[in-house]
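*Asks:* Below is a structure I'd like to ask you about.
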Amino acid sequence: MAGFNVAIMGATGAVGQIMLQTVEQRNFPVKSLKLLASARSVGREYAYKGKMYRVEELTEDSFAGVDVVLASAGGSISKKFAPIAAKQGAVVVDNTSAFRMDPEVPLVVPEVNSHALKGHKGIIANPNCSTIQMVVALKPIYDAVGIERIVVSTYQAVSGAGARAIEEFKSQAKAVLEGKDYPPKLFPHYIAFNCIPQIPQSDAFQANGYTSEEMKMVNETRKILEDQNIRVSATCVRVPVVSSHSETVNITTRKKITADEVRKLLAAAPGVCLMDDPKNQKYPLATLAEGRDETFVGRIREDISQEKGIDLWVVSDNLRKGAALNAVQIAEEMVRQGLLMAK
Ligand code: A2P
């Protein structure tokens with residue numbers, strides 16, 4: 001295969017960097033590669049397959065000849081530039097929330113709803129990181145016995161807030177340990193040695209008391225599972241962890257299912273690694289999931305408070321499956337389905 005002209009929009013960012021690594025690691029067929037970021041980063045260089053590539057400034061002229069754009073430069077940048085790229089014939093896989101709820105835009109997790117890619121109009125949305133790992137773990141159960149309700153609490157890594165947020169967390173943790181002060185800048189409160197029940201950092205709260213991140217989990221889950229009746233209540237919490245989101249997920253199923261049956265389903269599920277041996281203290285951990293592709297599931301048990309309930313603990317690398325890897329898998333799936341054309 002000759003390959004595709006690939007552009008990474010936001011290539012210098014926390015997700016953009018992992019996109020670059022993932023494209024290389026998975027041997028995505030690349031004919032040419034463009035690294036796009038703001039004027040601030042022009043001239044920086046990153047390696048791809050042993051060759052250095054210089055960052056170019058993102059402009060309206062950046063997309064000539066480009067076949068596929070992997071975008072993670074923030075919602076307002078995507079709102080402006082994704083339609084420009086699509087108009088010039090590129091397919092944009094967009095990691096921001098700009099287009100996720102647009103009825104014209106497929107919202108895709110390849111293990112769950114790759115059929116939704118057909119009929120795309122040039123923009124594909126990559127779901128929210130917390131939603132991706134949750135639906136990867138729940139889809140096999142949803143298909144087997146149905147799910148009526150989900151109650152999820154997240155323990156989300158700081159890397160989800162970008163490269164500067166990681167820096168703030170590390171510098172603040174170091175300063176606190178040295179007895180110095182490092183006041184919050186990006187985060188609304190101290191993130192070192194703390195948990196913050198607010199994501200994102202600003203304009204988070206909606207009229208109903210939920211944050212926008214929590215409502216993403218509600219609305220995106222419904223769209224991905226194509227089930228407007230599924231009830232979801234989410235609490236999203238930022239925790240002092242660099243990589244990988246953890247989640248407690250409590251579900252009410254339509255038909256009764258045992259914990260053993262869930263384990264069997266998940267052991268065979270695509271993209272899932274079952275890690276459920278609590279007697280030997282084996283269960284998913286953020287530190288284990290970091291740098292890995294799988295969604296790890298453990299602590300599976302029948303909910304003692306309801307007849308048709310299951311509890312799970314779900315952990316995945318938010319920058320990989322939650323963002324960059326899922327985006328690259330979407331591009332791969334489009335190649336497989338003949339939906340991505342090389343110019
Ligand atoms: P830059 O590094 O030049 O600011 P993160 O999510 O880690 O904060 O990364 C955001 C990404 O989006 C970075 O690659 C950043 O580039 C890019 N970005 C932010 N603002 C712009 C802009 N106005 N034009 C192009 N890229 C942008």
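Ligands are numbered from 1 in the order shown, residues from 1 within each chain, and chains are lettered A, B, ... in the order they appear in the structure tokens.
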I'd like the contact shell of A:Val249 - 7 Å cut-off, only C-alpha atoms, skipping same-chain residues fewer than 3 positions apart - returned as a PyMOL selection string.

*Replies:* chain A and resi 150-153+311-313

*Asks:* Limited to C-alpha atoms, could you put the picked residues into a file as a CSV table (one decimal), in the first residue's frame?

*Replies:*
```csv
chain,number,residue,atom,x,y,z
A,150,ILE,CA,-25.1,3.2,34.5
A,151,VAL,CA,-23.7,5.0,37.6
A,152,VAL,CA,-20.0,5.9,37.0
A,153,SER,CA,-17.4,7.7,39.0
A,311,ASP,CA,-19.9,-3.5,39.7
A,312,LEU,CA,-16.7,-3.1,37.7
A,313,TRP,CA,-13.3,-1.2,37.9
```

*Asks:* Within 8 Å of A:Arg231, counting only C-alpha atoms, which residues qualify if same-chain residues fewer than 5 places away don't, as a compact mmCIF listing (two decimals) with C-alpha atoms, in the first residue's frame?

*Replies:*
```txt
# COMPACT_ATOMS: atom_id res chain seq x y z
CA GLU A 148 -30.76 0.02 31.68
CA ARG A 149 -28.69 2.28 33.90
CA ILE A 150 -25.05 3.20 34.52
CA VAL A 218 -24.21 10.66 29.43
```

*Asks:* All residues within 10 Å of ligand 1 are required, counting only C-alpha atoms and all ligand atoms; please report them as an MDAnalysis selection string.

*Replies:* chainID A and resid 8:17 35:42 44 55:59 71:78 81 96 159:166

*Asks:* Report as a list of chain:residue names all protein, DNA and RNA residues lying within 10 Å of A:Gln156, evaluated on only C-alpha atoms, omitting residues in the same chain fewer than 6 positions from it.

*Replies:*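 My list of contacting residues is A:Cys129, A:Ser130, A:Cys195, A:Ile196, A:Pro197, A:Ile199, A:Cys236, A:Val237, A:Arg238, A:Val239, A:Pro240, A:Val241, A:Val242, A:Ser243, A:Ser244, A:His245, A:Ser246, A:Glu247, A:Ala286, A:Val315, A:Asn318.
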
*Asks:* Tell me, as a list in words, which residues lie within 10 Å of A:Lys87, counting only C-alpha atoms; anything in the same chain fewer than 2 positions away does not count.

*Replies:* Phe63, Phe81, Ala82, Pro83, Ile84, Ala85, Gly89, Ala90, Val91, Lys121, Gly122 and Ile123 of chain A

*Asks:* Do you know which residues are at most 10 Å from A:Ala144 counting only C-alpha atoms, after dropping those on the same chain fewer than 3 positions away, and could you put them as a PyMOL selection string?

*Replies:* chain A and resi 139-141+147+253-255+257+261-262+265

*Asks:* At what distance in Å, to one decimal, does atom CA of A:Ser202 lie from atom CA of A:Asp181?

*Replies:*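 One can read the atom CA of A:Asp181 to atom CA of A:Ser202 distance as 22.3 Å.
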
*Asks:* May I have all residues of stretch 96-226 of chain A that DSSP, computed from the backbone, assigns to alpha helix (DSSP H), given as an MDAnalysis selection string?

*Replies:* chainID A and resid 110:113 129:145 163:177 212:225

*Asks:* Pick from A:Arg222, A:Asp227, A:Ala137, A:Gln306: nearest to A:Ala268, with only C-alpha atoms counted?

*Replies:*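 Selected residue with least distance to A:Ala268: A:Ala137.
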
*Asks:* What does the distance between atom CA of A:Glu60 and atom CA of A:Met101 come to in Å, to one decimal place?

*Replies:*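 Value for the atom CA of A:Glu60-atom CA of A:Met101 distance: 24.5 Å.
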